[in-house]
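entry.txt, holding compact mmCIF, C-alpha atoms and all ligand atoms:
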```
# COMPACT_ATOMS: atom_id res chain seq x y z
CA MET X 1082 -27.89 4.38 -2.66
CA LYS X 1083 -25.06 2.01 -3.67
CA LYS X 1084 -21.83 2.43 -1.74
CA ILE X 1085 -18.41 2.82 -3.35
CA THR X 1086 -15.21 2.54 -1.35
CA ILE X 1087 -12.04 3.89 -2.92
CA VAL X 1088 -8.91 2.43 -1.35
CA GLY X 1089 -5.88 4.71 -1.85
CA GLY X 1090 -5.77 8.46 -2.23
CA GLY X 1091 -3.31 9.19 -5.05
CA ALA X 1092 -3.69 10.63 -8.53
CA ALA X 1093 -5.94 7.91 -9.99
CA ALA X 1094 -8.21 7.83 -6.91
CA LEU X 1095 -8.57 11.61 -6.82
CA LEU X 1096 -9.63 11.87 -10.46
CA PHE X 1097 -12.06 9.02 -9.93
CA ALA X 1098 -13.52 10.71 -6.84
CA ALA X 1099 -13.77 14.01 -8.71
CA HIS X 1100 -15.79 12.45 -11.54
CA ILE X 1101 -17.95 9.83 -9.86
CA ASP X 1102 -21.61 10.81 -9.61
CA THR X 1103 -22.25 11.33 -5.89
CA THR X 1104 -25.97 11.77 -6.47
CA LYS X 1105 -25.94 8.13 -7.52
CA TYR X 1106 -23.31 6.64 -5.20
CA LYS X 1107 -22.30 7.17 -1.59
CA VAL X 1108 -18.54 7.42 -1.85
CA THR X 1109 -15.88 6.89 0.83
CA LEU X 1110 -12.15 7.22 0.17
CA CYS X 1111 -9.68 5.53 2.54
CA GLU X 1112 -6.03 6.58 2.53
CA GLN X 1113 -3.41 5.09 4.85
CA LYS X 1114 -1.36 8.28 5.14
CA LYS X 1115 -2.45 11.35 7.08
CA THR X 1116 -2.80 13.39 3.88
CA LEU X 1117 -3.85 12.67 0.29
CA GLY X 1118 -1.69 12.66 -2.82
CA ARG X 1119 1.75 12.39 -1.27
CA LYS X 1120 3.36 10.99 -4.40
CA PHE X 1121 1.67 13.72 -6.43
CA LEU X 1122 3.53 16.21 -4.23
CA VAL X 1123 6.82 14.34 -4.59
CA ALA X 1124 6.27 14.39 -8.35
CA GLY X 1125 5.95 18.14 -8.05
CA GLU X 1126 9.33 18.60 -6.42
CA GLY X 1127 11.17 18.66 -9.72
CA GLY X 1128 8.35 20.59 -11.46
CA LEU X 1129 4.83 19.10 -11.59
CA ASN X 1130 4.68 17.74 -15.12
CA LEU X 1131 0.95 17.09 -15.41
CA THR X 1132 0.73 15.87 -18.99
CA TYR X 1133 2.28 16.21 -22.43
CA GLU X 1134 1.13 18.63 -25.12
CA THR X 1135 0.68 16.90 -28.47
CA ASN X 1136 -2.03 15.49 -30.68
CA LEU X 1137 -3.95 12.41 -29.60
CA ALA X 1138 -2.11 9.98 -31.89
CA SER X 1139 1.29 10.83 -30.45
CA LEU X 1140 -0.06 11.20 -26.91
CA ILE X 1141 -1.21 7.59 -26.82
CA LYS X 1142 1.83 6.18 -28.66
CA PRO X 1143 4.29 5.69 -25.76
CA TYR X 1144 1.87 3.75 -23.55
CA VAL X 1145 2.56 0.01 -23.19
CA PRO X 1146 0.55 -2.13 -23.80
CA ASN X 1147 -0.92 0.27 -26.26
CA GLU X 1148 -4.09 -1.67 -27.01
CA PHE X 1149 -5.11 -1.43 -23.34
CA MET X 1150 -4.03 2.14 -22.62
CA ALA X 1151 -4.96 3.94 -25.87
CA PRO X 1152 -8.76 3.72 -25.43
CA ILE X 1153 -8.43 4.87 -21.82
CA VAL X 1154 -6.23 7.89 -22.55
CA SER X 1155 -8.48 8.74 -25.52
CA GLN X 1156 -11.43 9.05 -23.13
CA PHE X 1157 -9.74 11.73 -21.04
CA THR X 1158 -6.94 13.31 -23.01
CA ASN X 1159 -4.30 15.94 -22.25
CA LYS X 1160 -6.73 18.58 -23.57
CA ASP X 1161 -9.52 17.31 -21.28
CA LEU X 1162 -7.15 17.38 -18.31
CA ILE X 1163 -5.95 20.91 -19.07
CA ARG X 1164 -9.57 22.11 -19.46
CA TRP X 1165 -10.64 20.37 -16.27
CA LEU X 1166 -7.76 21.93 -14.31
CA GLU X 1167 -8.58 25.34 -15.75
CA ASN X 1168 -12.14 24.95 -14.47
CA LEU X 1169 -10.64 24.27 -11.05
CA ASP X 1170 -8.73 27.53 -11.42
CA VAL X 1171 -5.42 25.80 -12.14
CA PRO X 1172 -4.12 27.32 -15.38
CA THR X 1173 -1.29 25.43 -17.07
CA PHE X 1174 1.48 26.23 -19.50
CA VAL X 1175 3.46 24.23 -22.02
CA GLY X 1176 7.11 24.21 -20.99
CA SER X 1177 10.22 22.96 -22.72
CA SER X 1178 9.83 19.72 -24.70
CA ASN X 1179 6.02 20.02 -24.69
CA ARG X 1180 5.68 19.18 -21.03
CA VAL X 1181 2.66 20.74 -19.33
CA PHE X 1182 3.00 22.33 -15.88
CA PRO X 1183 0.81 24.43 -13.59
CA GLU X 1184 1.22 28.13 -14.42
CA ARG X 1185 4.39 29.60 -12.88
CA GLY X 1186 3.86 30.52 -9.25
CA ILE X 1187 1.26 27.80 -8.61
CA LYS X 1188 2.74 25.28 -6.20
CA PRO X 1189 1.95 21.52 -6.42
CA ILE X 1190 0.25 21.69 -2.99
CA GLU X 1191 -2.09 24.37 -4.35
CA VAL X 1192 -3.02 22.12 -7.28
CA LEU X 1193 -3.62 19.23 -4.89
CA ASN X 1194 -5.72 21.44 -2.60
CA LYS X 1195 -7.91 22.58 -5.50
CA ILE X 1196 -8.56 18.96 -6.46
CA THR X 1197 -9.23 17.78 -2.90
CA SER X 1198 -11.50 20.76 -2.12
CA TYR X 1199 -13.49 19.98 -5.25
CA ILE X 1200 -13.86 16.37 -4.09
CA ALA X 1201 -14.80 17.39 -0.55
CA GLY X 1202 -17.45 19.71 -2.04
CA LYS X 1203 -18.99 16.70 -3.77
CA ASP X 1204 -19.72 15.02 -0.49
CA VAL X 1205 -17.10 12.29 -0.76
CA GLN X 1206 -16.26 11.04 2.72
CA ILE X 1207 -12.49 11.04 3.18
CA ARG X 1208 -10.95 8.81 5.82
CA LEU X 1209 -7.25 9.50 6.35
CA ASN X 1210 -4.91 7.33 8.47
CA THR X 1211 -7.01 4.39 7.35
CA GLN X 1212 -4.96 1.45 6.18
CA TRP X 1213 -6.57 -1.34 4.20
CA LEU X 1214 -5.42 -4.75 5.46
CA GLY X 1215 -7.36 -7.17 3.27
CA TRP X 1216 -10.75 -8.85 3.46
CA ASP X 1217 -12.47 -10.59 6.36
CA LYS X 1218 -14.22 -13.97 6.11
CA GLU X 1219 -17.47 -12.37 4.97
CA GLY X 1220 -15.62 -10.48 2.23
CA TYR X 1221 -15.85 -7.06 3.92
CA LEU X 1222 -12.92 -4.71 3.49
CA ARG X 1223 -10.76 -4.87 6.60
CA PHE X 1224 -8.83 -1.80 7.83
CA ASP X 1225 -6.59 -1.06 10.77
CA LYS X 1226 -8.08 -0.09 14.15
CA GLY X 1227 -10.70 -2.81 13.68
CA LEU X 1228 -12.63 -0.91 10.99
CA LYS X 1229 -14.66 -2.96 8.51
CA ILE X 1230 -16.47 -1.54 5.52
CA ASP X 1231 -19.26 -3.25 3.64
CA SER X 1232 -19.30 -1.86 0.15
CA ASP X 1233 -21.21 -2.55 -3.06
CA ILE X 1234 -18.29 -1.50 -5.24
CA VAL X 1235 -14.58 -1.25 -4.37
CA VAL X 1236 -12.08 0.78 -6.36
CA PHE X 1237 -8.46 -0.08 -5.57
CA ALA X 1238 -5.98 2.66 -6.44
CA LEU X 1239 -3.03 1.62 -4.29
CA GLY X 1240 -0.20 2.83 -6.52
CA GLY X 1241 3.13 1.19 -7.37
CA ALA X 1242 6.01 0.41 -5.04
CA SER X 1243 8.50 3.25 -5.33
CA TRP X 1244 8.96 6.10 -2.86
CA LYS X 1245 7.42 4.04 -0.04
CA VAL X 1246 7.52 7.08 2.19
CA THR X 1247 4.57 8.44 0.17
CA GLY X 1248 2.47 5.39 1.09
CA SER X 1249 2.88 3.56 -2.24
CA ASP X 1250 4.48 0.55 -0.62
CA GLY X 1251 3.32 -2.33 -2.83
CA ALA X 1252 2.20 -4.23 0.28
CA TRP X 1253 -1.09 -4.94 -1.53
CA LYS X 1254 0.65 -7.41 -3.86
CA GLU X 1255 0.47 -10.44 -1.57
CA LYS X 1256 -3.15 -9.79 -0.64
CA PHE X 1257 -4.20 -10.01 -4.27
CA GLU X 1258 -1.96 -13.00 -4.93
CA GLU X 1259 -3.63 -14.82 -2.02
CA LYS X 1260 -6.89 -14.35 -3.93
CA GLY X 1261 -5.37 -16.11 -6.95
CA ILE X 1262 -4.73 -12.93 -8.90
CA ASN X 1263 -1.62 -12.79 -11.07
CA VAL X 1264 0.53 -9.84 -9.99
CA GLN X 1265 3.63 -9.33 -12.10
CA PRO X 1266 6.84 -8.63 -10.08
CA LEU X 1267 7.15 -4.97 -9.08
CA ARG X 1268 10.32 -3.53 -10.62
CA ALA X 1269 11.85 -0.13 -11.08
CA ALA X 1270 10.81 1.77 -14.23
CA ASN X 1271 11.88 5.25 -15.26
CA CYS X 1272 14.93 4.62 -13.12
CA ALA X 1273 18.70 4.99 -13.02
CA PHE X 1274 21.00 2.24 -14.31
CA GLU X 1275 24.36 1.19 -12.93
CA VAL X 1276 27.55 1.88 -14.89
CA ALA X 1277 31.04 0.82 -13.79
CA TRP X 1278 32.66 4.24 -14.26
CA GLY X 1279 36.40 4.51 -14.00
CA GLU X 1280 37.48 6.19 -10.75
CA GLU X 1281 39.12 9.11 -12.49
CA PHE X 1282 36.11 9.78 -14.70
CA ILE X 1283 33.52 9.74 -11.91
CA GLY X 1284 35.78 11.78 -9.64
CA ALA X 1285 35.80 14.55 -12.23
CA HIS X 1286 32.27 14.30 -13.66
CA GLU X 1287 29.87 13.10 -10.94
CA GLY X 1288 26.66 15.14 -11.06
CA LYS X 1289 27.39 16.56 -14.51
CA PRO X 1290 24.62 16.71 -17.12
CA LEU X 1291 24.80 15.59 -20.74
CA LYS X 1292 22.39 17.84 -22.61
CA ASN X 1293 20.99 17.55 -26.15
CA ILE X 1294 22.04 13.96 -26.54
CA ALA X 1295 20.30 10.91 -27.98
CA LEU X 1296 20.36 7.42 -26.57
CA THR X 1297 19.73 4.23 -28.51
CA PHE X 1298 18.81 0.83 -27.20
CA GLY X 1299 17.76 -1.89 -29.62
CA ASN X 1300 15.72 -0.16 -32.29
CA GLN X 1301 14.60 2.71 -30.06
CA LYS X 1302 16.30 6.10 -30.16
CA VAL X 1303 15.39 8.84 -27.68
CA LYS X 1304 16.52 12.45 -27.60
CA GLY X 1305 16.86 14.10 -24.22
CA GLU X 1306 19.24 14.58 -21.32
CA LEU X 1307 21.27 12.43 -18.99
CA SER X 1308 23.00 13.04 -15.75
CA ILE X 1309 26.03 11.22 -14.44
CA SER X 1310 25.81 9.87 -10.91
CA LYS X 1311 28.16 7.73 -8.89
CA PHE X 1312 25.75 4.85 -9.45
CA GLY X 1313 25.44 5.31 -13.19
CA LEU X 1314 23.14 7.18 -15.55
CA GLU X 1315 19.90 9.01 -14.84
CA GLY X 1316 17.68 11.34 -16.81
CA ASN X 1317 14.74 11.36 -19.19
CA ALA X 1318 16.63 9.72 -22.09
CA ILE X 1319 17.44 6.57 -20.14
CA TYR X 1320 14.09 6.58 -18.29
CA ALA X 1321 12.35 6.39 -21.65
CA LEU X 1322 14.27 3.21 -22.48
CA SER X 1323 14.01 1.74 -18.98
CA ARG X 1324 11.35 -0.82 -19.79
CA GLU X 1325 13.32 -2.44 -22.62
CA ILE X 1326 16.59 -2.23 -20.66
CA GLN X 1327 14.94 -3.89 -17.66
CA MET X 1328 13.60 -6.70 -19.86
CA THR X 1329 17.10 -7.29 -21.26
CA LEU X 1330 18.70 -7.27 -17.80
CA LEU X 1331 16.29 -10.02 -16.76
CA LEU X 1332 17.83 -12.25 -19.41
CA ARG X 1333 21.43 -11.02 -19.53
CA LYS X 1334 23.98 -9.62 -17.10
CA GLU X 1335 24.38 -6.38 -19.02
CA ALA X 1336 22.70 -4.16 -21.55
CA ILE X 1337 24.57 -1.82 -23.88
CA VAL X 1338 23.13 1.59 -24.76
CA HIS X 1339 24.68 3.82 -27.42
CA LEU X 1340 25.02 7.49 -26.64
CA ASP X 1341 24.98 9.99 -29.50
CA LEU X 1342 26.78 13.11 -28.26
CA LYS X 1343 25.92 15.06 -31.44
CA PRO X 1344 22.44 14.00 -32.58
CA GLY X 1345 22.08 17.14 -34.72
CA LEU X 1346 25.08 16.29 -36.94
CA THR X 1347 25.72 13.39 -39.28
CA ILE X 1348 29.05 11.55 -39.41
CA ALA X 1349 29.79 13.34 -42.69
CA GLN X 1350 29.17 16.75 -41.08
CA LEU X 1351 31.32 15.81 -38.10
CA LYS X 1352 34.09 14.70 -40.44
CA ALA X 1353 33.96 17.97 -42.37
CA LYS X 1354 34.30 19.93 -39.13
CA TYR X 1355 37.07 17.66 -37.87
CA ASN X 1356 39.08 17.71 -41.09
CA GLY X 1357 38.71 21.47 -41.49
CA SER X 1358 40.18 22.11 -38.06
CA ARG X 1359 43.51 23.84 -37.49
CA GLN X 1360 43.76 22.42 -33.97
CA THR X 1361 46.52 19.92 -33.43
CA LYS X 1362 45.31 18.19 -30.24
CA VAL X 1363 42.35 15.78 -30.49
CA THR X 1364 40.69 17.19 -27.35
CA SER X 1365 40.93 20.72 -28.80
CA VAL X 1366 39.26 19.60 -32.03
CA LEU X 1367 36.50 17.95 -30.01
CA SER X 1368 35.89 21.01 -27.85
CA LYS X 1369 36.47 23.83 -30.38
CA GLU X 1370 35.10 22.34 -33.60
CA LEU X 1371 32.49 19.88 -32.30
CA ASN X 1372 31.56 21.92 -29.27
CA LEU X 1373 31.78 18.96 -26.90
CA ASP X 1374 32.04 19.82 -23.22
CA ARG X 1375 34.56 18.36 -20.75
CA THR X 1376 32.22 15.62 -19.59
CA SER X 1377 31.48 14.43 -23.15
CA ILE X 1378 35.19 14.37 -23.91
CA GLY X 1379 35.83 12.56 -20.63
CA LEU X 1380 33.25 9.96 -21.64
CA LEU X 1381 34.92 9.46 -25.00
CA LYS X 1382 38.25 8.97 -23.25
CA GLN X 1383 36.68 6.48 -20.86
CA PHE X 1384 35.04 4.43 -23.60
CA CYS X 1385 37.65 4.63 -26.41
CA ASP X 1386 40.97 2.85 -26.38
CA LYS X 1387 44.04 4.85 -27.44
CA ASN X 1388 43.86 3.56 -30.98
CA THR X 1389 40.23 4.69 -31.43
CA PHE X 1390 40.85 8.08 -29.80
CA SER X 1391 43.70 8.85 -32.18
CA ASN X 1392 41.88 7.62 -35.30
CA PRO X 1393 39.43 10.38 -36.43
CA ASP X 1394 37.22 7.97 -38.32
CA LEU X 1395 36.78 5.59 -35.37
CA LEU X 1396 36.54 8.49 -32.93
CA LEU X 1397 33.75 10.24 -34.83
CA HIS X 1398 31.79 7.01 -35.08
CA THR X 1399 32.13 6.75 -31.32
CA VAL X 1400 30.93 10.37 -30.88
CA LYS X 1401 27.72 9.20 -32.60
CA ALA X 1402 27.50 5.96 -30.59
CA VAL X 1403 29.42 5.75 -27.31
CA PRO X 1404 28.80 2.18 -26.12
CA ILE X 1405 27.90 2.20 -22.41
CA LYS X 1406 27.41 -1.03 -20.50
CA LEU X 1407 24.57 -0.99 -17.99
CA LYS X 1408 24.82 -3.53 -15.19
CA SER X 1409 21.66 -3.27 -13.11
CA PRO X 1410 18.66 -1.00 -12.47
CA GLY X 1411 18.67 1.44 -9.57
CA PRO X 1412 16.67 0.61 -6.41
CA LEU X 1413 12.90 0.30 -6.85
CA ASP X 1414 12.27 2.74 -4.02
CA GLU X 1415 14.10 5.50 -5.91
CA ALA X 1416 12.37 4.89 -9.23
CA ILE X 1417 9.87 7.32 -10.70
CA SER X 1418 7.44 4.53 -11.49
CA THR X 1419 6.88 0.82 -11.11
CA MET X 1420 6.75 -1.88 -13.76
CA GLY X 1421 4.61 -4.89 -13.04
CA GLY X 1422 1.47 -4.99 -10.93
CA ILE X 1423 -1.88 -6.66 -11.51
CA ALA X 1424 -1.63 -8.45 -14.88
CA LEU X 1425 -3.91 -6.78 -17.40
CA ASP X 1426 -5.61 -10.04 -18.33
CA GLU X 1427 -6.91 -10.10 -14.75
CA VAL X 1428 -9.08 -7.02 -15.47
CA ASP X 1429 -11.61 -6.26 -18.16
CA PRO X 1430 -11.44 -3.05 -20.27
CA ASN X 1431 -13.43 -1.26 -17.51
CA PHE X 1432 -10.84 -2.23 -14.85
CA GLN X 1433 -13.14 -4.80 -13.21
CA ILE X 1434 -11.03 -7.50 -11.54
CA LYS X 1435 -12.42 -10.62 -13.20
CA LYS X 1436 -11.98 -12.89 -10.17
CA MET X 1437 -13.50 -10.39 -7.70
CA ALA X 1438 -17.08 -9.30 -8.09
CA ASN X 1439 -17.62 -5.53 -8.07
CA SER X 1440 -13.94 -4.75 -7.49
CA TYR X 1441 -11.90 -2.53 -9.80
CA ALA X 1442 -8.21 -1.53 -9.94
CA ILE X 1443 -6.76 1.62 -11.49
CA GLY X 1444 -3.49 3.56 -11.62
CA GLU X 1445 0.05 2.38 -11.21
CA MET X 1446 -0.98 -0.86 -9.46
CA LEU X 1447 -1.88 -2.25 -12.90
CA ASP X 1448 0.87 -3.61 -15.17
CA TRP X 1449 1.38 -0.82 -17.72
CA TYR X 1450 4.25 1.45 -18.59
CA ALA X 1451 4.74 5.01 -19.78
CA PRO X 1452 7.85 7.21 -19.90
CA THR X 1453 8.29 10.44 -17.97
CA GLY X 1454 7.04 13.61 -19.62
CA GLY X 1455 3.63 13.76 -17.92
CA TYR X 1456 2.46 10.44 -19.38
CA LEU X 1457 2.34 8.73 -15.97
CA LEU X 1458 -0.01 11.19 -14.27
CA GLN X 1459 -2.03 11.49 -17.49
CA GLY X 1460 -2.42 7.68 -17.57
CA CYS X 1461 -3.56 7.57 -13.92
CA PHE X 1462 -5.93 10.52 -14.37
CA SER X 1463 -7.42 8.99 -17.52
CA MET X 1464 -8.04 5.71 -15.68
CA GLY X 1465 -9.77 7.52 -12.82
CA PHE X 1466 -11.97 9.38 -15.26
CA ALA X 1467 -12.72 6.33 -17.44
CA LEU X 1468 -13.81 4.20 -14.48
CA ALA X 1469 -16.00 6.98 -13.04
CA ASN X 1470 -17.55 7.45 -16.45
CA PHE X 1471 -18.25 3.72 -16.73
CA LEU X 1472 -19.81 3.47 -13.25
CA ASN X 1473 -21.83 6.65 -13.78
CA GLY X 1474 -23.38 4.98 -16.82
CA LEU X 1475 -24.50 1.84 -14.97
CA ASN X 1476 -28.12 1.40 -14.08
CA VAL X 1477 -27.48 0.88 -10.37
CA GLU X 1478 -31.10 0.48 -9.37
CA GLU X 1479 -31.30 -2.86 -11.20
C1 LIG H 1501 10.06 11.38 -7.79
C2 LIG H 1501 8.86 11.21 -8.68
C3 LIG H 1501 8.58 12.17 -9.63
C4 LIG H 1501 7.49 12.00 -10.50
N1 LIG H 1501 7.22 12.97 -11.40
C5 LIG H 1501 6.18 12.83 -12.25
C6 LIG H 1501 5.84 13.86 -13.15
O1 LIG H 1501 6.42 14.96 -13.13
N2 LIG H 1501 4.83 13.62 -14.04
C7 LIG H 1501 4.15 12.43 -14.06
O2 LIG H 1501 3.27 12.26 -14.91
N3 LIG H 1501 4.39 11.48 -13.14
C8 LIG H 1501 5.37 11.65 -12.24
N4 LIG H 1501 5.63 10.68 -11.31
C9 LIG H 1501 4.78 9.46 -11.29
C10 LIG H 1501 3.40 9.72 -10.66
O3 LIG H 1501 3.53 10.49 -9.49
C11 LIG H 1501 2.72 8.37 -10.35
O4 LIG H 1501 2.69 7.58 -11.53
C12 LIG H 1501 1.29 8.56 -9.85
O5 LIG H 1501 1.27 9.35 -8.69
C13 LIG H 1501 0.64 7.21 -9.54
O6 LIG H 1501 -0.68 7.45 -9.12
P1 LIG H 1501 -1.55 6.32 -8.41
O7 LIG H 1501 -2.83 6.96 -8.04
O8 LIG H 1501 -1.58 5.09 -9.22
O9 LIG H 1501 -0.74 5.94 -7.11
P2 LIG H 1501 -0.17 6.84 -5.93
O10 LIG H 1501 -0.16 8.27 -6.29
O11 LIG H 1501 1.10 6.19 -5.57
O12 LIG H 1501 -1.25 6.67 -4.78
C14 LIG H 1501 -1.49 5.45 -4.13
C15 LIG H 1501 -2.04 5.75 -2.76
O13 LIG H 1501 -2.53 4.56 -2.17
C16 LIG H 1501 -2.25 4.63 -0.80
N5 LIG H 1501 -2.21 3.27 -0.25
C17 LIG H 1501 -1.34 2.27 -0.56
N6 LIG H 1501 -1.60 1.18 0.17
C18 LIG H 1501 -2.67 1.49 0.97
C19 LIG H 1501 -3.43 0.75 1.93
N7 LIG H 1501 -3.13 -0.52 2.24
N8 LIG H 1501 -4.47 1.37 2.52
C20 LIG H 1501 -4.81 2.65 2.21
N9 LIG H 1501 -4.11 3.40 1.32
C21 LIG H 1501 -3.07 2.82 0.70
C22 LIG H 1501 -0.90 5.29 -0.72
O14 LIG H 1501 -0.64 5.83 0.56
C23 LIG H 1501 -1.00 6.34 -1.81
O15 LIG H 1501 -1.45 7.58 -1.33
C24 LIG H 1501 6.67 10.85 -10.40
C25 LIG H 1501 6.93 9.90 -9.40
C26 LIG H 1501 8.01 10.08 -8.55
C27 LIG H 1501 8.27 9.05 -7.49
```
Written as structure tokens, that's how I'd like the structure from this file.
Ligand SMILES: Cc1cc2nc3c(=O)[nH]c(=O)nc-3n(C[C@H](O)[C@H](O)[C@H](O)COP(=O)(O)OP(=O)(O)OC[C@H]3O[C@@H](n4cnc5c(N)ncnc54)[C@H](O)[C@@H]3O)c2cc1C
Amino acid sequence: MKKITIVGGGAAALLFAAHIDTTKYKVTLCEQKKTLGRKFLVAGEGGLNLTYETNLASLIKPYVPNEFMAPIVSQFTNKDLIRWLENLDVPTFVGSSNRVFPERGIKPIEVLNKITSYIAGKDVQIRLNTQWLGWDKEGYLRFDKGLKIDSDIVVFALGGASWKVTGSDGAWKEKFEEKGINVQPLRAANCAFEVAWGEEFIGAHEGKPLKNIALTFGNQKVKGELSISKFGLEGNAIYALSREIQMTLLLRKEAIVHLDLKPGLTIAQLKAKYNGSRQTKVTSVLSKELNLDRTSIGLLKQFCDKNTFSNPDLLLHTVKAVPIKLKSPGPLDEAISTMGGIALDEVDPNFQIKKMANSYAIGEMLDWYAPTGGYLLQGCFSMGFALANFLNGLNVEE
């Protein structure tokens, strides 16, 4: 029987292990931490958003580069994932904004346990506390404690480089580069961005949310939420633009996003409300007629000069597009995902690393991007499934 070694025990590896045909392959999974799926559990801390409920065309749309990711996600879609989890006795529900979560009351650790028990039942050998260090002279996989593994096929699923405490430390980058493989720099994605808030503003509004807003950068507009931190801005609206903002910050010292505090109303509608008001103070018009909270009004004060604030026309245009300067991305270790990784032209459409015979790479260690909303786990799961499906179809006796 041909031997497969999976290196890494996160989301992509687990889905691969769950779908690989163990009557055809002898499978061993090596994970450097003492438990599997640590980042999966971290992801669950704010609610385990497993995937996104929508039709296939809009499911695949946010993935970048789309031509690489779309065929993969199409092979194992949100519907396939939900059905598969249901078969594992993990029912799901569609929450706010179409995000899919495990049914209320089911903890992330229970979901992880269902997946790992299923894998264990398939006779996959799991080696925990087993850190991959590289290759030896003969090309065998080299691990800590002197362990060497000779394997017919290797599946690398080593993750990105954020939340190092979970084991996704990006230390694999140099090892692949030494083999002549192009690894794009690992940078924060779906991350916070720095804003130079005024002292008074941040003193009053640190930690405050901005709900039902829209954020524009370049030609992309995203509806969602933001939260104000001492460092700057966080939240799904800015995460969704993080890739483009990061690209701009590589070229320029700052990037300007425009915040729409009233995405449901046009300028004309705002004007009608403003002009029809009996309030005499600008802040009262903003709060009573436009329903803006203290933080939104504080933001307007911070980003408008006196002249703009007292001119209804200019002020209402600013309500629809508060210009906020972003200076730098937040630290990589605090990011939800990682940009960069093994360049996609280093792998074929079945994830085979072109310069390394019988070696494959899946998950966040490849250079692709998706926003939050369940797209990241879905992308990793789809890759695990697609690779297992490909290897299951090979005639391994040849
Ligand atoms: C705070 C946070 C919240 C998130 N929330 C969500 C969410 O709600 N929905 C969503 O879709 N996504 C979410 N994500 C993103 C998602 O968790 C990741 O995209 C996904 O887990 C990546 O899966 P992976 O298999 O590629 O890598 P990982 O899950 O990172 O797994 C890689 C594994 O490889 C192991 N490894 C690394 N190096 C070695 C080595 N040398 N030897 C052996 N093992 C090694 C690591 O220990 C790790 O277990 C979140 C991420 C974070 C940080």
Considering all atoms listed in the file, can you say which of X:Ser1198, X:Thr1347, X:Thr1173, X:Asn1439 comes closest to His1398 of chain X?
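The answer is X:Thr1347, which sits nearest to His1398 of chain X.
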Of the candidates X:Leu1122, X:Ala1321, X:Ala1469, X:Val1235, which shows the shortest atom-to-atom distance to ligand LIG 1501 (chain H), using all atoms listed in the file?
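Looking only at the distances to ligand LIG 1501 (chain H), the closest residue turns out to be X:Leu1122.
If you look at atom C24 of ligand LIG 1501 (chain H) and atom CA of Lys1289 of chain X, they are 21.9 Å away from each other.
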Find the spatial neighbours of Val1108 of chain X, counting all atoms listed in the file, within a cut-off of 10 Å - ignore same-chain residues fewer than 3 positions away - and output them as a ChimeraX atom specification.
/X:1082-1087,1098,1101-1105,1203-1207,1232,1234-1235
Determine, counting all atoms listed in the file, which protein, DNA and RNA residues have an atom within 8 Å of an atom of Cys1385 of chain X; residues of the same chain fewer than 4 positions away are not included. Present the result as a ChimeraX atom specification.
/X:1381,1389-1390,1396,1399
Export, as a PDB file, in the coordinates of the input, the selected residues with C-alpha atoms.
```
ATOM      1  CA  LEU X1381      34.920   9.460 -25.000  1.00  0.00           C
ATOM      2  CA  THR X1389      40.230   4.690 -31.430  1.00  0.00           C
ATOM      3  CA  PHE X1390      40.850   8.080 -29.800  1.00  0.00           C
ATOM      4  CA  LEU X1396      36.540   8.490 -32.930  1.00  0.00           C
ATOM      5  CA  THR X1399      32.130   6.750 -31.320  1.00  0.00           C
TER       6      THR X1399
END
```
Give as a PyMOL selection string every residue, naming chains and numbers as the document does, that has an atom within 6 Å of (5.0, 16.5, -15.5), counting all atoms listed in the file.
chain X and resi 1129-1132+1454-1455
Best match for closeness to ligand LIG 1501 (chain H) among X:Ser1323, X:Thr1419, X:Asn1293, X:Ser1177, counting only C-alpha atoms and all ligand atoms:
X:Thr1419
Once 3 Å is added on each side, what centre and edge lengths in Å to one decimal does the axis-aligned box around all listed atoms of segment 1264-1282 of chain X have, as JSON?
```
{"center_x": 19.8, "center_y": 0.0, "center_z": -12.2, "size_x": 44.6, "size_y": 25.6, "size_z": 12.2}
```
